[in-house]
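This report concerns only the one structure given below.
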Amino acid sequence: MTNVNTLIKGANSIGIELGKEEINRFIIYKDLLKEWNKKINITSITDDEEIDIKHFLDSLTPLNFGLIGNEAKIIDIGTGGGFPGIPMKIAKKGINIVLLDSLNKRINFLNEVIEKLNLSGIMAIHGRAEDLGQDIKHREKYDIAISRAVASLNTLAEYCLPFVKVGGYFIAMKGSDVEDELLSSENAIRILGAKLKEKHYIKLPLSDITHSLLIFEKISKTSTKYPRSGNKPKKKPL
């Protein structure tokens with residue numbers, strides 16, 4: 001039987017208390033994740049404890065730094081299986097979240113999760129960041145853009161910062177070794193209108209895994225030249 005005992009214990013250790021409703025939603029989410037993963041590749045992590053630690057607990061860590069208000073408008077870029085957006089939404093109901101992913105099969109999965117968990121104030125969009133970032137309905141409309149996507153920081157910044165309003169934040173969830181990436185992304189961060197505000201190293205509860213949270217503050221509007229189309233943020237990073 002599916003349980004989220006590791007999640008409950010780990011969340012308590014980082015000051016996040018999950019009630020019965022939240023726990024039940026995480027159980028349903030995990031069941032759907034494991035069920036869908038047999039049909040399409042959502043995650044290589046399928047062990048109950050590992051899902052709790054590497055997906056659920058990791059996704060909750062950004063809630064601990066006082067940046068995410070109760071009604072914050074957030075976009076999760078390259079969300080994949082819904083990380084970190086869905087766990088954040090379960091734990092903090094009032095936030096409004098857009099989940100963006102380029103693979104339609106994953107969007108179908110996310111829509112089922114949203115429906116089965118009976119979540120409101122959250123939607124999944126099929127699209128690419130370089131296209132949606134130029135859309136006036138989304139460009140510079142978010143308090144926070146967040147991503148766990150596997151991309152270099154200078155590439156990720158070009159995908160994420162055009163969505164963030166001035167005064168908002170881009171949060172990059174990375175591994176423990178980020179110093180070289182930070183150095184190589186300084187030019188991109190400056191060009192895109194942001195500055196590094198905080199850097200946190202986080203030991204995930206009940207594990208020996210250390211991740212980092214890089215928080216960038218948007219201090220000026222991003223030039224309409226960015227994000228560039230045609231996969232240029234990856235092929236020719238700023």
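Labeling convention for the structure tokens: chains A, B, ... as they appear, residues from 1 per chain, ligands from 1 in order of appearance.
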Please list as a PDB file with C-alpha atoms, in the first residue's frame every residue within 8 Å of A:Asn70, counting only C-alpha atoms and excluding residues in the same chain fewer than 6 positions away.
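So the final result, stored in selection30.pdb, reads:
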```
ATOM      1  CA  LYS A  92       0.269  26.026   0.181  1.00  0.00           C
ATOM      2  CA  LYS A  93      -3.245  26.092  -1.267  1.00  0.00           C
ATOM      3  CA  GLY A  94      -3.540  29.838  -1.905  1.00  0.00           C
ATOM      4  CA  ILE A  95      -0.745  30.131  -4.468  1.00  0.00           C
TER       5      ILE A  95
END
```
**Item:** Exercise: A:Met123 partners within 12 Å, only C-alpha atoms, chain neighbours under 3 positions left out, as a list in words
**Value:** Lys73, Ile74, Ile75, Asp76, Thr79, Gly82, Gly85, Ile86, Lys89, Ile95, Asn96, Ile97, Val98, Leu99, Leu100, Asp101, Ile107, Asn108, Phe109, Leu110, Asn111, Glu112, Val113, Ile114, Glu115, Asn118, Leu119, Ser120 and His126 of chain A
**Message:** I'd like the neighbourhood of A:Phe56 as a PyMOL selection string, where a residue qualifies if any of its atoms comes within 7 Å (using only C-alpha atoms), though same-chain residues fewer than 5 positions away should be ignored.
**Reply:** chain A and resi 7+51+87
Could you dump the residues just selected with N, CA and C atoms as a short mmCIF file (atom, residue, chain, number, x, y, z; two decimals), in the first residue's frame?
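The resulting result.cif:
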```
data_model
loop_
_atom_site.label_atom_id
_atom_site.label_comp_id
_atom_site.auth_asym_id
_atom_site.auth_seq_id
_atom_site.Cartn_x
_atom_site.Cartn_y
_atom_site.Cartn_z
N LEU A 7 7.78 11.35 3.68
CA LEU A 7 7.44 12.74 3.39
C LEU A 7 6.95 13.46 4.65
N ILE A 51 10.80 8.77 -3.93
CA ILE A 51 9.84 9.76 -4.43
C ILE A 51 9.58 10.81 -3.35
N PRO A 87 3.62 19.73 -5.59
CA PRO A 87 3.82 19.64 -4.14
C PRO A 87 3.70 21.00 -3.43
#
```
**Request:** Please provide as a ChimeraX atom specification all residues within 12 Å of A:Thr46, with the sequence filter that same-chain residues fewer than 3 positions apart are discarded (counting only C-alpha atoms).
**Result:** /A:2,30-38,41-43,49-55
Could you take the residues named above and write them with N, CA and C atoms, as a JSON list (two decimals), in the first residue's frame?
```
[["chain", "number", "residue", "atom", "x", "y", "z"],
["A", 2, "THR", "N", 0.50, 2.21, -0.83],
["A", 2, "THR", "CA", 1.26, 3.45, -0.91],
["A", 2, "THR", "C", 1.18, 4.24, 0.39],
["A", 30, "LYS", "N", 1.17, 10.21, -5.72],
["A", 30, "LYS", "CA", 2.20, 9.18, -5.87],
["A", 30, "LYS", "C", 1.65, 7.97, -6.63],
["A", 31, "ASP", "N", 0.43, 7.57, -6.31],
["A", 31, "ASP", "CA", -0.20, 6.44, -7.02],
["A", 31, "ASP", "C", -0.30, 6.74, -8.52],
["A", 32, "LEU", "N", -0.75, 7.94, -8.85],
["A", 32, "LEU", "CA", -0.88, 8.32, -10.27],
["A", 32, "LEU", "C", 0.48, 8.37, -10.95],
["A", 33, "LEU", "N", 1.48, 8.87, -10.24],
["A", 33, "LEU", "CA", 2.83, 8.95, -10.79],
["A", 33, "LEU", "C", 3.36, 7.56, -11.14],
["A", 34, "LYS", "N", 3.18, 6.62, -10.23],
["A", 34, "LYS", "CA", 3.67, 5.26, -10.46],
["A", 34, "LYS", "C", 2.86, 4.56, -11.57],
["A", 35, "GLU", "N", 1.56, 4.81, -11.60],
["A", 35, "GLU", "CA", 0.70, 4.19, -12.61],
["A", 35, "GLU", "C", 1.03, 4.71, -14.01],
["A", 36, "TRP", "N", 1.11, 6.02, -14.14],
["A", 36, "TRP", "CA", 1.40, 6.62, -15.45],
["A", 36, "TRP", "C", 2.82, 6.31, -15.92],
["A", 37, "ASN", "N", 3.73, 6.16, -14.95],
["A", 37, "ASN", "CA", 5.12, 5.92, -15.31],
["A", 37, "ASN", "C", 5.32, 4.58, -16.02],
["A", 38, "LYS", "N", 4.33, 3.69, -15.89],
["A", 38, "LYS", "CA", 4.38, 2.42, -16.62],
["A", 38, "LYS", "C", 4.07, 2.63, -18.10],
["A", 41, "ASN", "N", 7.40, 7.81, -19.84],
["A", 41, "ASN", "CA", 8.54, 8.08, -18.98],
["A", 41, "ASN", "C", 8.37, 9.43, -18.29],
["A", 42, "ILE", "N", 7.92, 9.40, -17.05],
["A", 42, "ILE", "CA", 7.78, 10.64, -16.27],
["A", 42, "ILE", "C", 8.97, 10.82, -15.34],
["A", 43, "THR", "N", 9.38, 9.72, -14.69],
["A", 43, "THR", "CA", 10.50, 9.79, -13.75],
["A", 43, "THR", "C", 11.20, 8.44, -13.68],
["A", 49, "GLU", "N", 10.17, 5.71, -0.91],
["A", 49, "GLU", "CA", 10.96, 6.64, -0.10],
["A", 49, "GLU", "C", 11.70, 7.65, -0.97],
["A", 50, "GLU", "N", 12.21, 7.20, -2.10],
["A", 50, "GLU", "CA", 12.94, 8.10, -2.99],
["A", 50, "GLU", "C", 12.03, 9.15, -3.60],
["A", 51, "ILE", "N", 10.80, 8.77, -3.93],
["A", 51, "ILE", "CA", 9.84, 9.76, -4.43],
["A", 51, "ILE", "C", 9.58, 10.81, -3.35],
["A", 52, "ASP", "N", 9.39, 10.35, -2.12],
["A", 52, "ASP", "CA", 9.16, 11.28, -1.01],
["A", 52, "ASP", "C", 10.30, 12.26, -0.85],
["A", 53, "ILE", "N", 11.53, 11.77, -0.92],
["A", 53, "ILE", "CA", 12.69, 12.62, -0.66],
["A", 53, "ILE", "C", 13.07, 13.45, -1.89],
["A", 54, "LYS", "N", 13.28, 12.76, -3.02],
["A", 54, "LYS", "CA", 13.87, 13.43, -4.18],
["A", 54, "LYS", "C", 12.87, 14.25, -5.00],
["A", 55, "HIS", "N", 11.60, 13.92, -4.88],
["A", 55, "HIS", "CA", 10.58, 14.69, -5.59],
["A", 55, "HIS", "C", 9.76, 15.57, -4.64]]
```
**Request:** Taking the DSSP assignment computed from this structure's backbone, write out as JSON, numbers by chain all residues of stretch 19-214 of chain A that belong to strand (DSSP E or B).
**Result:** {"A": [73, 74, 75, 76, 77, 96, 97, 98, 99, 100, 101, 122, 123, 124, 125, 126, 142, 143, 144, 145, 146, 147, 164, 165, 166, 167, 168, 169, 170, 171, 172, 173, 174, 194, 195, 196, 197, 198, 199, 200, 201, 202, 203, 210, 211, 212, 213, 214]}
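Across A:Ser147, A:Ser220, A:Ser229, A:Asn64, the tightest approach to A:Cys160 is made by A:Ser147 when counting only C-alpha atoms.
Shortest separation to A:Val166 among A:Ile136, A:Ala194, A:Ala129, A:Ile219 occurs at residue A:Ile219, atoms counted being only C-alpha atoms.
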**Asked** If you run DSSP on this backbone, which residues of stretch 43-210 of chain A come out as alpha helix (DSSP H), and could you give them as a PyMOL selection string?
**Response** chain A and resi 48-50+58-60+85-91+104-116+129-132+153-160+179-191
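Compared by their closest atoms to A:Phe65, and using only C-alpha atoms, the residues A:Ile14, A:Lys141, A:Ala188, A:Leu206 rank with A:Ile14 nearest.
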